[in-house]
Every structure is written in structure tokens, then in C-alpha cells.
Amino acid sequence: MNETGMTKERVAALIDAYGASPERWPEAERPQALALLAQSASARELLHEARSLDLLLNMAPVDLPSAALEDRIMAARPGSVAQPALARPTRRETRPPLFARLWNDYRSAAFPTGMLAASIVLGMGFGSAVNTTSFFDTSPLTSTAPITMASNEAAGDQLLALALSESSYTEEMIR
Amino acid sequence: MSEDFRSCETEDADFDRRPPACPAPEIMAPSQAYDWQPAAHKTQRLRNSHKTGRGGAQVSMPSDDDLVAAVAEGDERACRSLMDRHLTRIVALARRMLGNHADAEEVAQEVFLRVWTHADRWQPGRAQFSTWLHRVAINLCLDRLRRQGMTDIDSIPEPASEEPGPYEQLAQRDLARSVEAALQRLPARQRAAITLAHFQGLTNIEAAEILEVTVEAVESLLGRARRQLRVLLATEKAEWLRMTSD
């Protein structure tokens, strides 16, 4: 242990967790860790090994968002005139009626949230099918959008909440 | 260990929650994050740069809070700006978590749908928008992984395909695929931690806030993730060292 309290074990733990780039280490510990690193050949060896892993990880592929995705996202804005195409085709071969799909399948482990989201932005008239109590916010909607879209938005919230409640339902099942 | 990841429901409550006990972290400089390579013409640092006070000329850039407020008013340009600012990063995050681009785009679409849906309820100053965005994305990914059969998010999933032979020549493209496959073999929570810390370049404090666990828990997850990756990528690492030393 040096006079700052930093130990070789702690430096090793930092490298173990955060990798070889000191800028990724916790800020409060960085100066002391660097000081010890300068004095310890074994710590520098650990750093060298960690750097190989860092650089290897950086080879993981990533693609830029497609133009189609950007278009779908922009078209999904409330009040947007353009309606998006559905997100990429699902693996389901048959597509039961939309309403039945939502009310029968939302608790299914295979329920595709993407489809739900796409369904909402299609602006289907769900307002009459769900109650108007918001799961998230009891204050009135302040949106200046037309009434029809506002009720769709509230209905959309309900459906999102239902879809999301499926995930906590699943979590409880596996406990 | 109490490292519960809550479902997607929690991030909606964050719109109204009290400020965290510790100051909301600011996102690290983009240059320090591997997956976050901002295009100069499109994305900017996520800071309140519209506030002047420092000397010299300031380019006035709207903050995330400003953009979200404008989105709530139906401002199409604000929607475009917010999307331009964050979409690439969110797609990259989801790619690390889910292992393929198509699924990543699906999750990203869902994330932004939630932004549009909740913009009118966003309360500036109570939470960092980018933290909230990351949390939505991570939780959507974790929920998707659960639905796909990762019922125990601490378990190591079975490999989807055969491992390459130890003496197989690995081209760079294959190496990339191997790294991606190795990440997919991590338990979901470890994957989330390394996605945020290594690939998104966030600090341990930011990652802890996004994952809603302690900094110590993040560090533990990261250590386990990296040790597991070292094992999974032992062959690839040897090949890569040979390739890069030529």
C-alpha cells in the first residue's frame, strides 16, 4: 500500500473491471491508481493484457441506423401525417385481427412489443376499448393535438402499460 | 446480491421522480466511447450549451431538455434533432445487447416511440434525459431477452452455433462476429454493464444510475463480464495478437 491508500490489489481490480484506459477508471481513484501503476511492473503487465481485450472488444460490429428506421421513428410522432410501414416483418405466419391480437396475446411471452408500438402509431381507435385511467400520469394531457389523437395517445399509454406489465408478470413467474 | 433490474415500468416514473441523492452525471466525452462516434454535422455534446457565462463565442445548441419540450409541442425539427443526437448511440447499445442489427433497430424504434409519447410529461432538472433514454433502452433489451427465453438473466446461454476450431484462420470479419457472439453468451446483466461502461463509454456512476444498482454492483458485473469474455475469446485473442503483430 502506498501513502495514498491505493493498493496493487485495488489497481488490479480496477483494471479487471474497467479495462486498460485510465479515463474509464473511477475518477476519485484514478490519480492514486496511476501513481501506483508507475511503480509496479506487475500492474503494468495487467494493464497490457487488459488492453488486448479492450481492443478485441472494439471489433464488435455496429451498423448505423437505417434511413428506413429514421423514417419510421419520425412518422411515429403523434400528429404526424405520414403513417409508417410496420416494423420489420415478424416471424408469425398468421396475423389474427389486430384487436384480438392485442387483448389475447399481451401476456404471451412471445408478444412482440414492436408490433404493439406499430399498432399504436397506426392510430387505431382504441379509445373506447380501454378505460381512461392513466398508469403513469393522472394530470390532464396538455397536448394540443386534436381530441382523436389525444385519446389515441392515452389509449396508447394504456396499451404500452399493459405490454410492459407483461414483463413484470414474467419476472414474478420466474421468482 | 440485490441487483434487481426492474422492468420497463420504472423509467416512466422517472419522469416525475425526485432528483437523485447524488448529482445527475453528465455523459462522458463521446470520443472516449467506442460505440459513440458522433458525426460532426449531426451530433453534439449533451450539455446545456445554450447557457452562456463562459468567455468567448458560444454556439447556441439546445439542450436535451429544450428539445424534449419542443417535441411535446409537436416541433418536427426538434424531433429530428433529438433523434439525430441519440439514435445512433441507442442502436449501438441495443446491438451490443441483442446481437443483431434488426432487433437493435426494433428496440430503438420503441425507445423513441416512448420519447414521443412521454415528451409532454418530461420534467427538466429532475433527471438527466440521456440517463432516462439509456435506461429505457437497456430495460427494453432486458425484457426482450427474457421473452426470448433468457429466464434467468444470470445464466450463461448456450452457444447458438458451433465454435470455430482452434486452428481456424480468422479473418477480421469472422473476428468481429466472434466478438459479437461472445457478448451474446454473457448473462444479460453482465452484458448490460459492459455495454454501458465499455461500449457506451459511460462512467461507473452513470452506469449504476441507468441500471439502478450500486457502483459496487456495476464493478462486480464488469469484472465478471471481462473475465468471462477473456475465456470466451481466448482463441480469438491469440489470433488477433498474431494478426496485429505481423
# chains A, B, ... in the order shown; residues from 1 in each chain; ligands from 1
>>> residues_around(residues="segment 19-29 of chain A", least_positions_apart="2", cutoff="10 Å", atoms="only C-alpha atoms", output="ChimeraX atom specification")
/A:4-6,10-17,31-34,44,46-55 /B:28,32-33,197-198,201-205,215,219,222-223,226
>>> write_last_selection(atoms="C-alpha atoms", output="PDB file, in the first residue's frame")
ATOM      1  CA  THR A   4      -2.435   7.319  -0.716  1.00  0.00           C
ATOM      2  CA  GLY A   5      -4.045   4.095   0.439  1.00  0.00           C
ATOM      3  CA  MET A   6      -4.125   2.650  -3.041  1.00  0.00           C
ATOM      4  CA  ARG A  10      -7.237  -2.372  -5.945  1.00  0.00           C
ATOM      5  CA  VAL A  11      -5.378  -1.376  -9.123  1.00  0.00           C
ATOM      6  CA  ALA A  12      -5.777  -4.942 -10.344  1.00  0.00           C
ATOM      7  CA  ALA A  13      -9.490  -4.780  -9.521  1.00  0.00           C
ATOM      8  CA  LEU A  14      -9.844  -1.513 -11.414  1.00  0.00           C
ATOM      9  CA  ILE A  15      -8.145  -2.948 -14.477  1.00  0.00           C
ATOM     10  CA  ASP A  16     -10.168  -6.137 -14.111  1.00  0.00           C
ATOM     11  CA  ALA A  17     -13.435  -4.238 -14.166  1.00  0.00           C
ATOM     12  CA  PRO A  31      -4.620   9.606  -9.757  1.00  0.00           C
ATOM     13  CA  GLN A  32      -3.607   7.221  -6.990  1.00  0.00           C
ATOM     14  CA  ALA A  33      -4.008   4.229  -9.273  1.00  0.00           C
ATOM     15  CA  LEU A  34      -1.829   5.842 -11.927  1.00  0.00           C
ATOM     16  CA  ARG A  44       1.629  -2.577 -15.923  1.00  0.00           C
ATOM     17  CA  LEU A  46      -2.021  -6.465 -16.152  1.00  0.00           C
ATOM     18  CA  LEU A  47      -2.738  -3.248 -17.999  1.00  0.00           C
ATOM     19  CA  HIS A  48      -1.083  -4.542 -21.141  1.00  0.00           C
ATOM     20  CA  GLU A  49      -3.160  -7.705 -21.075  1.00  0.00           C
ATOM     21  CA  ALA A  50      -6.362  -5.771 -20.436  1.00  0.00           C
ATOM     22  CA  ARG A  51      -5.625  -3.518 -23.376  1.00  0.00           C
ATOM     23  CA  SER A  52      -5.605  -6.520 -25.719  1.00  0.00           C
ATOM     24  CA  LEU A  53      -9.084  -7.434 -24.548  1.00  0.00           C
ATOM     25  CA  ASP A  54     -10.258  -3.826 -24.897  1.00  0.00           C
ATOM     26  CA  LEU A  55      -9.061  -3.640 -28.472  1.00  0.00           C
TER      27      LEU A  55
ATOM     28  CA  MET B  28     -18.703  11.289 -20.874  1.00  0.00           C
ATOM     29  CA  GLN B  32     -13.918   8.185 -25.111  1.00  0.00           C
ATOM     30  CA  ALA B  33     -16.676   5.768 -26.036  1.00  0.00           C
ATOM     31  CA  ALA B 197     -19.224   1.038 -19.443  1.00  0.00           C
ATOM     32  CA  HIS B 198     -17.034  -0.158 -22.287  1.00  0.00           C
ATOM     33  CA  GLY B 201     -18.175   4.887 -22.520  1.00  0.00           C
ATOM     34  CA  LEU B 202     -20.226   5.830 -19.507  1.00  0.00           C
ATOM     35  CA  THR B 203     -18.745   6.166 -16.040  1.00  0.00           C
ATOM     36  CA  ASN B 204     -19.419   3.660 -13.298  1.00  0.00           C
ATOM     37  CA  ILE B 205     -21.699   6.219 -11.661  1.00  0.00           C
ATOM     38  CA  VAL B 215     -21.478   1.348  -8.207  1.00  0.00           C
ATOM     39  CA  GLU B 219     -17.956  -3.036 -10.855  1.00  0.00           C
ATOM     40  CA  LEU B 222     -17.930  -5.639 -15.196  1.00  0.00           C
ATOM     41  CA  GLY B 223     -15.234  -7.783 -13.608  1.00  0.00           C
ATOM     42  CA  ARG B 226     -14.493  -9.232 -18.671  1.00  0.00           C
TER      43      ARG B 226
END
>>> atom_distance(atom1="atom CA of Arg191 of chain B", atom2="atom CA of Leu211 of chain B")
11.5 Å
>>> atom_distance(atom1="atom CA of Val111 of chain B", atom2="atom CA of Leu221 of chain B")
24.6 Å
>>> residues_around(residues="Ile73 of chain A", least_positions_apart="5", cutoff="7 Å", atoms="only C-alpha atoms", output="list in words")
Gln109, Phe112 and Leu113 of chain B
>>> atom_distance(atom1="atom CA of Tyr18 of chain A", atom2="atom CA of Asp103 of chain B")
27.3 Å
>>> closest_residue(among="B:Met97, B:Leu196, B:Leu241, B:Ala137", to="chain A", atoms="only C-alpha atoms")
B:Leu241
>>> closest_residue(among="B:Ala94, B:Ala102, B:Met83, B:Leu183", to="Leu140 of chain B", atoms="only C-alpha atoms")
B:Ala94
>>> closest_residue(among="B:Ser81, B:Asn139, B:Ala127, B:Leu233", to="Glu206 of chain B", atoms="only C-alpha atoms")
B:Ala127
